[in-house]
Every structure is written in structure tokens, then in C-alpha cells.
$ cat structure.cif   # mmCIF, C-alpha atoms and all ligand atoms
data_input
loop_
_atom_site.label_atom_id
_atom_site.label_comp_id
_atom_site.auth_asym_id
_atom_site.auth_seq_id
_atom_site.Cartn_x
_atom_site.Cartn_y
_atom_site.Cartn_z
CA MET R 1 -33.20 -33.21 10.98
CA LYS R 2 -29.96 -34.89 12.04
CA PHE R 3 -26.97 -34.02 9.89
CA LYS R 4 -23.22 -33.41 10.13
CA TYR R 5 -20.67 -31.46 8.15
CA VAL R 6 -17.72 -33.09 6.40
CA CYS R 7 -14.84 -31.11 4.91
CA ASN R 8 -14.58 -31.68 1.15
CA ASP R 9 -10.78 -31.61 1.40
CA CYS R 10 -9.53 -33.09 4.69
CA GLY R 11 -12.62 -35.19 5.46
CA LYS R 12 -12.85 -33.94 9.07
CA GLU R 13 -16.36 -34.16 10.51
CA TYR R 14 -18.22 -31.48 12.48
CA GLY R 15 -21.49 -31.47 14.40
CA SER R 16 -24.37 -29.31 13.25
CA SER R 17 -25.57 -27.69 16.47
CA ASP R 18 -23.83 -24.41 15.52
CA ILE R 19 -23.70 -22.40 12.32
CA MET R 20 -20.59 -23.52 10.41
CA TYR R 21 -18.88 -22.03 7.42
CA ARG R 22 -15.57 -23.39 6.11
CA CYS R 23 -13.50 -26.15 7.72
CA PRO R 24 -11.36 -24.38 10.33
CA VAL R 25 -8.50 -26.86 9.81
CA CYS R 26 -7.82 -26.59 6.11
CA SER R 27 -9.40 -23.37 4.88
CA GLY R 28 -6.69 -20.79 4.42
CA THR R 29 -6.85 -17.05 4.17
CA PRO R 30 -7.58 -15.63 0.69
CA GLU R 31 -3.88 -14.66 0.48
CA ASP R 32 -2.77 -18.27 1.04
CA SER R 33 -4.95 -19.54 -1.73
CA LYS R 34 -4.27 -16.93 -4.39
CA ASP R 35 -3.32 -19.39 -7.13
CA GLU R 36 -4.79 -22.51 -5.60
CA MET R 37 -8.53 -23.03 -5.49
CA GLN R 38 -9.99 -22.32 -2.05
CA LYS R 39 -9.99 -25.34 0.30
CA GLY R 40 -12.25 -26.31 3.18
CA ASN R 41 -15.80 -26.08 1.88
CA LEU R 42 -18.17 -28.23 3.88
CA ILE R 43 -20.52 -30.93 2.63
CA THR R 44 -23.77 -31.38 4.55
CA VAL R 45 -24.26 -35.10 5.23
CA LEU R 46 -27.79 -36.19 6.14
CA ASP R 47 -28.53 -38.99 8.57
CA SER R 48 -28.66 -42.32 6.69
CA ASP R 49 -31.53 -43.80 8.75
CA TYR R 50 -33.59 -40.71 8.02
CA LEU R 51 -32.86 -41.00 4.28
CA ALA R 52 -33.87 -44.69 4.35
CA SER R 53 -37.18 -43.69 5.97
CA LEU R 54 -37.92 -41.50 2.93
CA LYS R 55 -37.73 -44.57 0.70
CA THR R 56 -40.27 -46.35 2.90
CA SER R 57 -42.72 -43.46 2.75
CA SER R 58 -42.18 -43.17 -1.00
CA ILE R 59 -42.97 -46.90 -1.44
CA ASN R 60 -46.13 -46.25 0.58
CA GLY R 61 -47.20 -43.71 -2.04
CA LYS R 62 -45.99 -40.37 -0.60
CA ASP R 63 -43.99 -38.19 -3.01
CA VAL R 64 -40.77 -36.83 -1.55
CA THR R 65 -40.37 -33.03 -1.58
CA PRO R 66 -37.25 -30.84 -1.43
CA SER R 67 -38.20 -29.94 2.15
CA ASP R 68 -37.83 -33.61 3.12
CA PHE R 69 -34.14 -33.28 2.27
CA PHE R 70 -33.47 -29.86 3.87
CA PRO R 71 -31.48 -29.60 7.12
CA TYR R 72 -33.82 -26.87 8.40
CA PRO R 73 -37.59 -26.57 7.93
CA VAL R 74 -38.60 -23.83 5.49
CA PRO R 75 -41.04 -21.48 7.25
CA ASP R 76 -44.18 -20.32 5.43
CA ILE R 77 -43.19 -21.77 2.06
CA ALA R 78 -46.15 -20.04 0.41
CA SER R 79 -44.82 -16.59 1.32
CA TYR R 80 -41.66 -17.12 -0.76
CA PRO R 81 -42.64 -19.90 -3.16
CA VAL R 82 -39.32 -21.00 -4.59
CA GLY R 83 -39.00 -23.83 -7.11
CA ASN R 84 -41.63 -25.89 -8.89
CA THR R 85 -40.34 -24.11 -11.96
CA PRO R 86 -41.62 -25.18 -15.39
CA LEU R 87 -40.13 -28.10 -17.26
CA ILE R 88 -40.52 -27.11 -20.89
CA LYS R 89 -40.73 -29.61 -23.76
CA PRO R 90 -39.37 -27.43 -26.58
CA LYS R 91 -41.31 -28.88 -29.52
CA ARG R 92 -39.47 -27.03 -32.29
CA LEU R 93 -36.00 -27.61 -30.87
CA ILE R 94 -36.75 -31.30 -30.37
CA SER R 95 -37.83 -31.74 -33.96
CA GLU R 96 -34.87 -29.74 -35.24
CA THR R 97 -32.21 -31.54 -33.17
CA GLY R 98 -33.75 -35.02 -33.02
CA TYR R 99 -33.17 -35.19 -29.25
CA THR R 100 -36.52 -36.63 -28.21
CA GLY R 101 -35.87 -36.51 -24.45
CA LEU R 102 -34.81 -32.86 -24.33
CA LEU R 103 -36.33 -30.67 -21.60
CA LEU R 104 -35.60 -27.12 -20.44
CA LYS R 105 -35.88 -26.36 -16.71
CA ASN R 106 -36.73 -22.68 -16.53
CA ASP R 107 -35.47 -21.40 -13.19
CA GLY R 108 -35.88 -17.83 -14.35
CA ALA R 109 -39.46 -18.37 -13.14
CA ASN R 110 -38.35 -18.19 -9.48
CA PRO R 111 -39.54 -15.23 -7.34
CA SER R 112 -36.52 -13.00 -7.98
CA GLY R 113 -35.91 -14.35 -11.48
CA SER R 114 -33.05 -16.75 -10.87
CA PHE R 115 -31.94 -20.11 -9.53
CA LYS R 116 -30.34 -18.26 -6.58
CA ASP R 117 -33.70 -18.15 -4.81
CA ARG R 118 -33.16 -21.81 -3.99
CA ALA R 119 -30.10 -21.03 -1.84
CA SER R 120 -31.64 -17.91 -0.32
CA GLN R 121 -34.71 -19.86 0.77
CA LEU R 122 -32.62 -22.29 2.83
CA VAL R 123 -30.36 -19.58 4.27
CA ALA R 124 -33.50 -17.71 5.36
CA ALA R 125 -34.70 -20.97 6.96
CA GLN R 126 -31.33 -21.27 8.72
CA ALA R 127 -31.67 -17.72 10.04
CA VAL R 128 -35.17 -18.40 11.36
CA HIS R 129 -33.96 -21.68 12.95
CA PHE R 130 -31.17 -19.86 14.85
CA GLY R 131 -33.36 -16.85 15.72
CA GLU R 132 -31.16 -14.51 13.63
CA ASN R 133 -32.75 -11.53 11.91
CA THR R 134 -29.84 -10.34 9.78
CA ILE R 135 -28.14 -11.93 6.78
CA ALA R 136 -25.03 -10.40 5.22
CA LEU R 137 -23.51 -11.32 1.89
CA ALA R 138 -21.37 -10.22 -1.01
CA SER R 139 -22.70 -10.63 -4.51
CA THR R 140 -22.37 -9.21 -7.98
CA GLY R 141 -25.93 -9.93 -8.95
CA ASN R 142 -28.46 -12.72 -8.69
CA ALA R 143 -27.51 -14.03 -5.23
CA GLY R 144 -27.90 -10.52 -3.81
CA SER R 145 -31.26 -9.89 -5.42
CA ALA R 146 -32.51 -13.36 -4.39
CA MET R 147 -31.49 -12.81 -0.76
CA ALA R 148 -33.04 -9.35 -0.83
CA CYS R 149 -36.26 -10.87 -2.18
CA ALA R 150 -36.31 -13.53 0.57
CA GLY R 151 -35.60 -10.80 3.14
CA ALA R 152 -38.63 -8.85 1.92
CA ALA R 153 -40.84 -11.94 2.07
CA TYR R 154 -39.75 -13.00 5.56
CA GLY R 155 -39.00 -9.63 7.15
CA LEU R 156 -35.24 -10.25 7.51
CA ASP R 157 -32.57 -7.52 7.30
CA ILE R 158 -30.29 -8.08 4.32
CA ILE R 159 -26.89 -6.39 4.22
CA LEU R 160 -25.49 -6.63 0.71
CA PHE R 161 -21.89 -5.69 -0.14
CA VAL R 162 -21.34 -5.25 -3.88
CA PRO R 163 -18.43 -4.10 -6.02
CA GLU R 164 -19.50 -0.67 -7.30
CA THR R 165 -19.23 -1.98 -10.88
CA ALA R 166 -21.95 -4.66 -10.38
CA PRO R 167 -24.73 -4.80 -13.04
CA LYS R 168 -27.21 -1.98 -12.40
CA ALA R 169 -30.49 -3.87 -12.93
CA LYS R 170 -29.61 -6.47 -10.32
CA LEU R 171 -28.57 -3.75 -7.85
CA LEU R 172 -31.75 -1.76 -8.44
CA GLN R 173 -33.74 -4.93 -7.84
CA SER R 174 -31.99 -5.48 -4.49
CA VAL R 175 -32.57 -1.86 -3.40
CA LEU R 176 -36.19 -2.18 -4.47
CA TYR R 177 -36.70 -5.22 -2.23
CA GLY R 178 -35.43 -3.15 0.69
CA ALA R 179 -31.95 -4.60 1.26
CA LYS R 180 -29.20 -2.35 2.64
CA VAL R 181 -26.99 -2.23 -0.44
CA ILE R 182 -23.38 -1.16 0.18
CA PRO R 183 -21.37 -0.51 -3.01
CA VAL R 184 -17.65 -1.05 -2.37
CA LYS R 185 -14.87 0.75 -4.25
CA GLY R 186 -13.11 -2.51 -4.96
CA THR R 187 -13.49 -6.04 -6.28
CA TYR R 188 -15.88 -8.86 -5.43
CA ASP R 189 -13.14 -10.28 -3.17
CA ASP R 190 -13.07 -6.98 -1.23
CA ALA R 191 -16.87 -7.09 -0.88
CA PHE R 192 -16.63 -10.76 0.23
CA ALA R 193 -14.05 -9.94 2.93
CA LEU R 194 -16.13 -6.99 4.19
CA SER R 195 -19.28 -9.09 4.44
CA ILE R 196 -17.42 -11.60 6.61
CA GLU R 197 -16.05 -8.80 8.82
CA TYR R 198 -19.59 -7.46 9.09
CA THR R 199 -20.91 -10.78 10.47
CA LYS R 200 -17.95 -11.02 12.88
CA LEU R 201 -18.60 -7.50 14.17
CA PHE R 202 -22.39 -7.37 14.20
CA GLY R 203 -23.53 -11.01 14.16
CA GLY R 204 -26.20 -12.50 11.92
CA ILE R 205 -25.69 -15.10 9.24
CA ASN R 206 -23.35 -14.91 6.28
CA ARG R 207 -24.76 -16.16 2.97
CA ASN R 208 -21.68 -15.95 0.79
CA THR R 209 -21.87 -18.54 -1.93
CA ALA R 210 -20.06 -21.80 -1.02
CA PHE R 211 -18.81 -20.19 2.23
CA ASN R 212 -22.16 -21.01 3.84
CA PRO R 213 -22.77 -24.73 3.12
CA MET R 214 -26.53 -24.06 3.05
CA THR R 215 -26.06 -22.32 -0.32
CA ILE R 216 -25.09 -25.68 -1.85
CA GLU R 217 -27.73 -27.52 0.14
CA GLY R 218 -30.57 -25.18 -0.91
CA LYS R 219 -29.69 -25.54 -4.57
CA LYS R 220 -30.14 -29.30 -4.48
CA SER R 221 -33.92 -28.78 -4.41
CA VAL R 222 -33.90 -28.63 -8.22
CA SER R 223 -32.82 -32.27 -8.49
CA ILE R 224 -35.57 -33.50 -6.18
CA GLU R 225 -38.06 -31.47 -8.16
CA LEU R 226 -36.78 -32.95 -11.43
CA TYR R 227 -37.07 -36.46 -9.96
CA ASN R 228 -40.76 -35.78 -9.26
CA GLN R 229 -41.42 -33.98 -12.55
CA LEU R 230 -39.94 -36.93 -14.48
CA GLY R 231 -42.22 -39.40 -12.68
CA ARG R 232 -39.85 -40.52 -9.91
CA LYS R 233 -36.87 -40.90 -12.22
CA ALA R 234 -33.51 -39.21 -12.65
CA PRO R 235 -32.58 -37.88 -16.10
CA ASP R 236 -29.53 -39.25 -17.93
CA VAL R 237 -27.78 -35.91 -18.46
CA VAL R 238 -28.05 -32.42 -16.92
CA TYR R 239 -26.40 -29.29 -18.38
CA VAL R 240 -25.47 -26.65 -15.77
CA PRO R 241 -23.91 -23.20 -16.39
CA VAL R 242 -20.91 -22.79 -14.07
CA GLY R 243 -19.00 -19.91 -12.46
CA ASP R 244 -18.18 -20.62 -8.79
CA GLY R 245 -19.42 -24.20 -9.09
CA VAL R 246 -22.06 -23.94 -6.37
CA ILE R 247 -25.14 -24.55 -8.55
CA TYR R 248 -23.30 -27.50 -10.13
CA SER R 249 -22.52 -28.97 -6.69
CA GLY R 250 -26.08 -28.40 -5.50
CA VAL R 251 -27.47 -30.27 -8.51
CA TYR R 252 -25.06 -33.14 -7.79
CA LYS R 253 -25.95 -33.14 -4.07
CA GLY R 254 -29.68 -33.47 -4.77
CA PHE R 255 -29.16 -36.57 -6.90
CA PHE R 256 -26.60 -37.88 -4.39
CA ASP R 257 -29.17 -37.64 -1.57
CA LEU R 258 -31.82 -39.33 -3.73
CA LYS R 259 -29.34 -42.14 -4.38
CA GLU R 260 -28.42 -42.41 -0.69
CA ALA R 261 -32.15 -42.68 0.08
CA GLY R 262 -32.37 -45.58 -2.39
CA LEU R 263 -34.77 -43.66 -4.63
CA ILE R 264 -32.53 -43.64 -7.71
CA GLU R 265 -29.78 -46.01 -8.77
CA LYS R 266 -27.48 -43.68 -10.64
CA ILE R 267 -26.53 -40.01 -10.48
CA PRO R 268 -26.95 -38.41 -13.95
CA LYS R 269 -23.99 -37.21 -15.92
CA ILE R 270 -23.77 -33.53 -14.98
CA ILE R 271 -22.14 -31.33 -17.60
CA CYS R 272 -20.25 -28.22 -16.54
CA ALA R 273 -20.94 -25.48 -19.12
CA GLN R 274 -18.45 -22.59 -19.12
CA SER R 275 -17.42 -19.70 -21.28
CA LYS R 276 -13.96 -20.02 -22.84
CA LYS R 277 -13.30 -16.63 -21.25
CA SER R 278 -14.08 -17.93 -17.75
CA ASN R 279 -13.05 -21.56 -17.67
CA ALA R 280 -11.34 -22.07 -14.29
CA ILE R 281 -13.32 -25.18 -13.31
CA SER R 282 -13.26 -26.70 -16.78
CA LYS R 283 -9.50 -26.18 -16.98
CA ALA R 284 -8.94 -27.65 -13.52
CA TRP R 285 -11.02 -30.72 -14.46
CA ARG R 286 -9.11 -31.15 -17.74
CA THR R 287 -5.62 -30.69 -16.31
CA GLY R 288 -6.11 -32.02 -12.78
CA GLU R 289 -4.47 -28.83 -11.44
CA LEU R 290 -6.79 -27.18 -8.92
CA THR R 291 -5.65 -23.64 -9.63
CA THR R 292 -7.41 -20.38 -10.39
CA ILE R 293 -7.07 -18.51 -13.72
CA ALA R 294 -5.50 -15.07 -14.15
CA SER R 295 -8.72 -13.33 -15.15
CA ALA R 296 -12.25 -13.95 -16.37
CA SER R 297 -13.98 -11.65 -18.83
CA THR R 298 -17.07 -13.28 -20.31
CA ARG R 299 -20.12 -11.20 -21.27
CA ALA R 300 -22.13 -13.77 -19.29
CA ASP R 301 -21.41 -11.79 -16.09
CA SER R 302 -23.00 -14.29 -13.69
CA ILE R 303 -20.45 -16.96 -14.65
CA SER R 304 -17.45 -14.65 -14.90
CA VAL R 305 -15.25 -16.07 -12.14
CA ALA R 306 -11.45 -16.40 -12.07
CA SER R 307 -11.17 -17.86 -8.59
CA PRO R 308 -14.17 -20.17 -8.10
CA ALA R 309 -15.40 -20.31 -4.50
CA ASN R 310 -16.39 -23.98 -4.87
CA GLY R 311 -13.95 -25.15 -7.55
CA ARG R 312 -12.55 -28.18 -5.76
CA MET R 313 -15.93 -29.67 -4.92
CA ALA R 314 -17.24 -29.03 -8.44
CA VAL R 315 -14.25 -30.75 -10.08
CA ARG R 316 -14.69 -33.71 -7.73
CA TYR R 317 -18.38 -33.96 -8.62
CA ILE R 318 -17.74 -33.71 -12.39
CA ASN R 319 -15.67 -36.86 -11.98
CA GLU R 320 -18.06 -38.59 -9.59
CA SER R 321 -21.07 -37.98 -11.85
CA GLU R 322 -19.02 -39.20 -14.86
CA GLY R 323 -19.81 -35.87 -16.48
CA TRP R 324 -17.48 -33.51 -18.27
CA ALA R 325 -16.87 -29.82 -18.94
CA THR R 326 -17.78 -28.10 -22.21
CA GLU R 327 -16.46 -24.64 -23.04
CA ILE R 328 -18.06 -22.36 -25.60
CA SER R 329 -17.26 -18.91 -26.98
CA ASP R 330 -19.14 -15.76 -25.94
CA GLU R 331 -20.50 -15.52 -29.50
CA ALA R 332 -21.98 -19.01 -29.10
CA ILE R 333 -23.49 -17.97 -25.74
CA LEU R 334 -25.23 -14.96 -27.25
CA SER R 335 -26.52 -16.93 -30.23
CA ALA R 336 -27.76 -19.66 -27.84
CA GLN R 337 -29.68 -16.96 -25.96
CA LEU R 338 -31.25 -15.77 -29.20
CA GLU R 339 -32.09 -19.29 -30.35
CA LEU R 340 -33.92 -20.19 -27.14
CA ALA R 341 -35.95 -16.98 -27.35
CA LYS R 342 -36.86 -17.43 -31.03
CA SER R 343 -37.36 -21.19 -31.12
CA ALA R 344 -38.75 -21.96 -27.66
CA GLY R 345 -40.11 -18.66 -26.36
CA VAL R 346 -37.74 -18.71 -23.39
CA PHE R 347 -35.82 -15.51 -22.62
CA ILE R 348 -32.83 -16.14 -20.38
CA GLU R 349 -29.70 -14.25 -19.36
CA PRO R 350 -26.38 -15.01 -21.09
CA ALA R 351 -25.02 -17.13 -18.18
CA ALA R 352 -28.00 -19.47 -18.47
CA ALA R 353 -27.59 -19.59 -22.26
CA ALA R 354 -24.14 -21.14 -21.74
CA ALA R 355 -25.91 -24.37 -20.75
CA TRP R 356 -27.93 -24.42 -24.00
CA GLY R 357 -24.84 -23.51 -26.05
CA ALA R 358 -22.87 -26.35 -24.43
CA PHE R 359 -25.67 -28.82 -25.19
CA ARG R 360 -25.64 -27.65 -28.83
CA LYS R 361 -21.88 -28.12 -29.08
CA ASP R 362 -21.96 -31.59 -27.48
CA ALA R 363 -24.86 -32.60 -29.72
CA GLU R 364 -22.89 -31.56 -32.81
CA GLU R 365 -19.92 -33.56 -31.56
CA LYS R 366 -22.26 -36.53 -30.85
CA LYS R 367 -21.19 -36.71 -27.20
CA ILE R 368 -24.73 -37.48 -26.08
CA SER R 369 -27.25 -40.00 -27.33
CA LYS R 370 -30.46 -38.89 -29.07
CA ASP R 371 -32.55 -41.12 -26.77
CA ASP R 372 -31.12 -39.69 -23.54
CA SER R 373 -33.33 -37.86 -21.09
CA ILE R 374 -31.59 -34.47 -21.09
CA ILE R 375 -32.22 -31.46 -18.85
CA VAL R 376 -30.81 -28.06 -19.74
CA LEU R 377 -30.89 -25.95 -16.60
CA LEU R 378 -31.76 -22.33 -17.43
CA THR R 379 -30.72 -20.42 -14.35
CA GLY R 380 -31.93 -16.86 -14.83
CA THR R 381 -34.35 -14.64 -16.73
CA GLY R 382 -33.12 -12.40 -19.53
CA PHE R 383 -35.17 -9.43 -18.35
CA LYS R 384 -32.46 -8.41 -15.85
CA ASP R 385 -29.89 -7.85 -18.59
CA LEU R 386 -31.57 -6.23 -21.58
CA ALA R 387 -28.26 -4.67 -22.61
CA ALA R 388 -26.99 -8.13 -23.59
CA VAL R 389 -29.63 -8.53 -26.30
CA GLU R 390 -29.03 -5.05 -27.69
CA THR R 391 -25.96 -6.55 -29.36
CA THR R 392 -27.96 -9.33 -31.06
CA VAL R 393 -31.30 -7.73 -31.96
CA THR R 394 -32.40 -4.22 -32.93
CA ILE R 395 -35.77 -2.55 -32.59
CA PRO R 396 -37.03 -1.67 -36.10
CA SER R 397 -37.31 2.02 -37.07
CA SER R 398 -40.71 3.69 -36.65
CA ILE R 399 -43.06 4.24 -39.56
CA GLU R 400 -45.50 7.07 -40.26
CA PRO R 401 -49.04 6.31 -38.95
CA THR R 402 -50.41 5.76 -42.47
CA VAL R 403 -51.61 2.77 -44.51
CA GLU R 404 -49.19 3.86 -47.24
CA ALA R 405 -46.28 3.36 -44.86
CA VAL R 406 -47.49 -0.16 -44.00
CA LYS R 407 -47.87 -1.02 -47.70
CA LYS R 408 -44.40 0.27 -48.39
CA LEU R 409 -43.02 -1.84 -45.53
CA PHE R 410 -44.56 -5.00 -47.01
CA ASN R 411 -43.66 -4.01 -50.59
CA THR R 412 -47.22 -3.83 -51.90
C1 LIG U 1 -28.01 -17.01 -13.76
C2 LIG U 1 -26.82 -17.72 -13.20
N1 LIG U 1 -26.38 -18.82 -13.84
C3 LIG U 1 -25.30 -19.49 -13.40
C4 LIG U 1 -24.59 -19.06 -12.29
C5 LIG U 1 -23.38 -19.82 -11.86
O1 LIG U 1 -23.50 -20.41 -10.60
P1 LIG U 1 -22.23 -20.79 -9.78
O2 LIG U 1 -21.47 -19.50 -9.56
O3 LIG U 1 -22.71 -21.40 -8.54
O4 LIG U 1 -21.45 -21.73 -10.63
C6 LIG U 1 -25.02 -17.92 -11.60
C7 LIG U 1 -24.29 -17.42 -10.44
O5 LIG U 1 -24.36 -16.25 -10.10
C8 LIG U 1 -26.17 -17.25 -12.06
O6 LIG U 1 -26.63 -16.13 -11.45
#

$ encode --input "structure.cif" --output "C-alpha cells"
Amino acid sequence: MKFKYVCNDCGKEYGSSDIMYRCPVCSGTPEDSKDEMQKGNLITVLDSDYLASLKTSSINGKDVTPSDFFPYPVPDIASYPVGNTPLIKPKRLISETGYTGLLLKNDGANPSGSFKDRASQLVAAQAVHFGENTIALASTGNAGSAMACAGAAYGLDIILFVPETAPKAKLLQSVLYGAKVIPVKGTYDDAFALSIEYTKLFGGINRNTAFNPMTIEGKKSVSIELYNQLGRKAPDVVYVPVGDGVIYSGVYKGFFDLKEAGLIEKIPKIICAQSKKSNAISKAWRTGELTTIASASTRADSISVASPANGRMAVRYINESEGWATEISDEAILSAQLELAKSAGVFIEPAAAAAWGAFRKDAEEKKISKDDSIIVLLTGTGFKDLAAVETTVTIPSSIEPTVEAVKKLFNT
């Protein structure tokens, strides 16, 4: 498909015949941008005639699919079936809150257990398109395990640089899928820099989040899916948990493309849900100062980001979608996780629970209408981080294998 790249910051345009990462004009070195949010991330702009043709085929009865909006064709979709995740109508939560149009999009149901499969699917497609067999990246968790999963499905070599302190379950998962996992005695930024050096030295594709524009582009598939699941309609409001701001921007981009194609009239309000202990994007949106924060320390490790890799674009899209940012405490995140498990049967990781917690807070403050069509995007399964729930629930003590013991337990 015909497309071009446009820099989010300077607006310079680039052709798409080569693999492109950040805008060479305005992206600085990490040292330059220590306090400022990183500049130069690229937006993938699809050909407008092509988008218009999608409207014609939709009028003629053909449903659009995420693949219709992807810059590269996804090979053998059935071998790594990403997306088409369940849209849950949480009966008990609806009756308790009175929000009749509330739906939960459970992206923990993706092949590797998180939303990150959406980006990995398109980066794998990019690799196949360019005849590359190796993909390198830095990650602290879900992106790494998603890329490793895609690598296993497609037979691609995945080189994964991780800070040695990364969560163990997600690392084990990546090793299990057969990725070459390289723990680094340093920070995520060190791992990021090494992954870029690796691609310079040995070739292949780099999948670092936001650095490779296809990570944003792949994530937009959720919006096209939602459009179909809602009967060719956009919702009014979408809650998204935010760290680097790439998922947020992907969600926006999907609705943007649907609007450009003439399939929807309005982009939903997209709400940026953050932990108070990791609020760089929320703070930048509130103050208008596009700076990083000194440190991030939320228990929701997947959204613990002090220097967001896609902060500028996310802040821009919060404004363009007429959304806002909602910050909640870590305690509220963990109780949101528990509530979704107990009242909807959905077990998600703490980062994903931030979206539900933010919805709860906004509902209490009456920031959203009870008739709105609301999507809460649940980005990852809870099974990868069982330690998080050990602080909120305990396994009961064992009883003797006797009827007496059961009677005693039930006070009879
Ligand atoms: C489960 C989950 N939720 C939310 C996020 C936040 O996404 P982003 O960093 O693109 O804002 C991540 C990122 O790792 C994630 O793994």
C-alpha cells in the first residue's frame, strides 16, 4: 500500500521505500533530550485515495479489516492470530455503576497474553516484506515476549535486550519462545541503546517501541476491530493505560484512519490512564511542558516510565481526541484489578487495571455520561504477574481431610 512518513514534530515528509525510524532532522541523541521528551517520532500517513476506496467497498457491503489499513500485508495471519479479542459486557458492573454502554476489551486474550502482539504482528510483517530474518529490541516485559512469540510463529530470530531487573515471568516467557534474551547490567535506556547498536552492526529490523513507527501502526488494529464489533460505529469514550504513550497513539491512529476513510465522523474521546507514581504524559498534558519526570515507581511495571518514548505524540492526540488524562494511586490500581476479577471474571495485570481504575474515578466525578458507549481497554493478562495479587488476596490455610474439619469451617 502507498504511504509516507511525516515527523510528528517538524512535519517533514519521507518516502516509505526504506525502513525508517525517527526523523533524522529533529530527533536528538538521548543525552540531548534528557529533560525534554524525545522528538522526531514518525507518523505513518496512508494514501487518501486508497482510504476513500475502503469507504466504497464498505458501502458495497464488505467489512473493513485491520489488514486493510496496514502498510504491509500480514503473512499467514492464522499462524499468529492476533486480535479479534473479546468485547465483554460486564453485567454485574453495568448494573452496579449504571453505565449501560460499558464494555471491556480483553486484549490479554492475544497469543502472548498482551496488547503488544498487535505491534509485533506488524513488525514481523515489515521484516517479511523487506526479506529480513532478524528483529532486535529492548523491552522490560510484554513487548519482548510478544515479539518472541511472533518470532516463534514465523521462524524469525529475535534478539531481546533486557535490563537484568526485568520481571522474571515475562523473561521466562521470552526464553521459552526461543528468543535470544540478553540481560544487561544497566537500565532500560542502556538496553535500548544496545539494541540500536546491534541493528547497526548486524542488520535486521529494530522493534523498539515508538522508535519503529510500525509499533504505533500495528496497535491501531484494535480501533478497527472495535468499529466492527460495535456494528460499524466508533465508541464515545476509550480508556487506555499509558506508559510510553504508544498504545494510546495507536488507538488514536486507528480511529483517525477510519475518519480519513469517511467511515466514522468523530474520533472518540481517548482517556490517558496513568499511575500517580508514573505520570509523565498526564503531567505534560496538564502543564503543557513536554518534559520527562525524575523517576517512575508504580507497581504497575508495564506503565512505569519516566521518559516516555512517545510522549509528544500522545499529548498531541489527547488534545486532538478531546480526551483527558486521569491519574490514580497504586492502591486504586490494585483494587481495580481485584474488582475486575471478582465482579467480571477478568484477570488482568496491574497496568491494565489502571484503565479500569481511571474509569471508576471519572465515573465518581461524573466526567462521563451514563449513556456513553465506553470501552475500557484491558491490555494484558494477570497470569504473568501473580506476585501482584499476593498483596491483595491470600490462599486460605489447609484443613484436615475430615468432614469434622469442613463442619468446623462452616460453623455447623
Ligand atoms: C499491559 C500493558 N499495558 C499498558 C502498557 C502501556 O503502553 P505504552 O507504553 O505504549 O503506553 C504496556 C506497555 O508495556 C503494557 O504492557

$ residues_near_ligand --input "structure.cif" --ligand "ligand LIG 1 (chain U)" --cutoff "6 Å" --atoms "only C-alpha atoms and all ligand atoms" --output "list in words"
Ser114, Asn142, Pro241, Val242, Gly243, Asp244, Gly245, Val246, Ile247, Ser302, Ile303, Ala351, Ala352, Thr379 and Gly380 of chain R

$ atom_distance --input "structure.cif" --atom1 "CA of Lys253 in chain R" --atom2 "CA of Thr199 in chain R"
27.1 Å

$ atom_distance --input "structure.cif" --atom1 "CA of Leu258 in chain R" --atom2 "CA of Gly40 in chain R"
24.5 Å

$ closest_residue --input "structure.cif" --among "R:Gly218, R:Gly250, R:Gly98, R:Pro308" --to "Lys366 in chain R" --atoms "only C-alpha atoms"
R:Gly98

$ residues_around --input "structure.cif" --residues "Ile293 in chain R" --least-positions-apart "5" --cutoff "8 Å" --atoms "all atoms listed in the file" --output "list in words"
Asp35, Asn279, Ala280, Ala306 and Ser307 of chain R

$ closest_residue --input "structure.cif" --among "R:Tyr21, R:Tyr154, R:Phe347, R:Phe192" --to "Asn212 in chain R" --atoms "only C-alpha atoms"
R:Tyr21

$ residues_near_point --input "structure.cif" --point "(-20.0, -11.4, 0.1)" --cutoff "10 Å" --atoms "only C-alpha atoms" --output "PyMOL selection string"
chain R and resi 136-140+143-144+159-163+188-198+206-209+211

$ residues_near_point --input "structure.cif" --point "(-30.2, -3.6, 7.3)" --cutoff "7 Å" --atoms "only C-alpha atoms" --output "VMD selection string"
chain R and resid 157 to 159 179 to 180

$ write_last_selection --input "structure.cif" --atoms "C-alpha atoms" --output "short mmCIF file (atom, residue, chain, number, x, y, z; two decimals), in the frame of the given file"
data_model
loop_
_atom_site.label_atom_id
_atom_site.label_comp_id
_atom_site.auth_asym_id
_atom_site.auth_seq_id
_atom_site.Cartn_x
_atom_site.Cartn_y
_atom_site.Cartn_z
CA ASP R 157 -32.57 -7.52 7.30
CA ILE R 158 -30.29 -8.08 4.32
CA ILE R 159 -26.89 -6.39 4.22
CA ALA R 179 -31.95 -4.60 1.26
CA LYS R 180 -29.20 -2.35 2.64
#
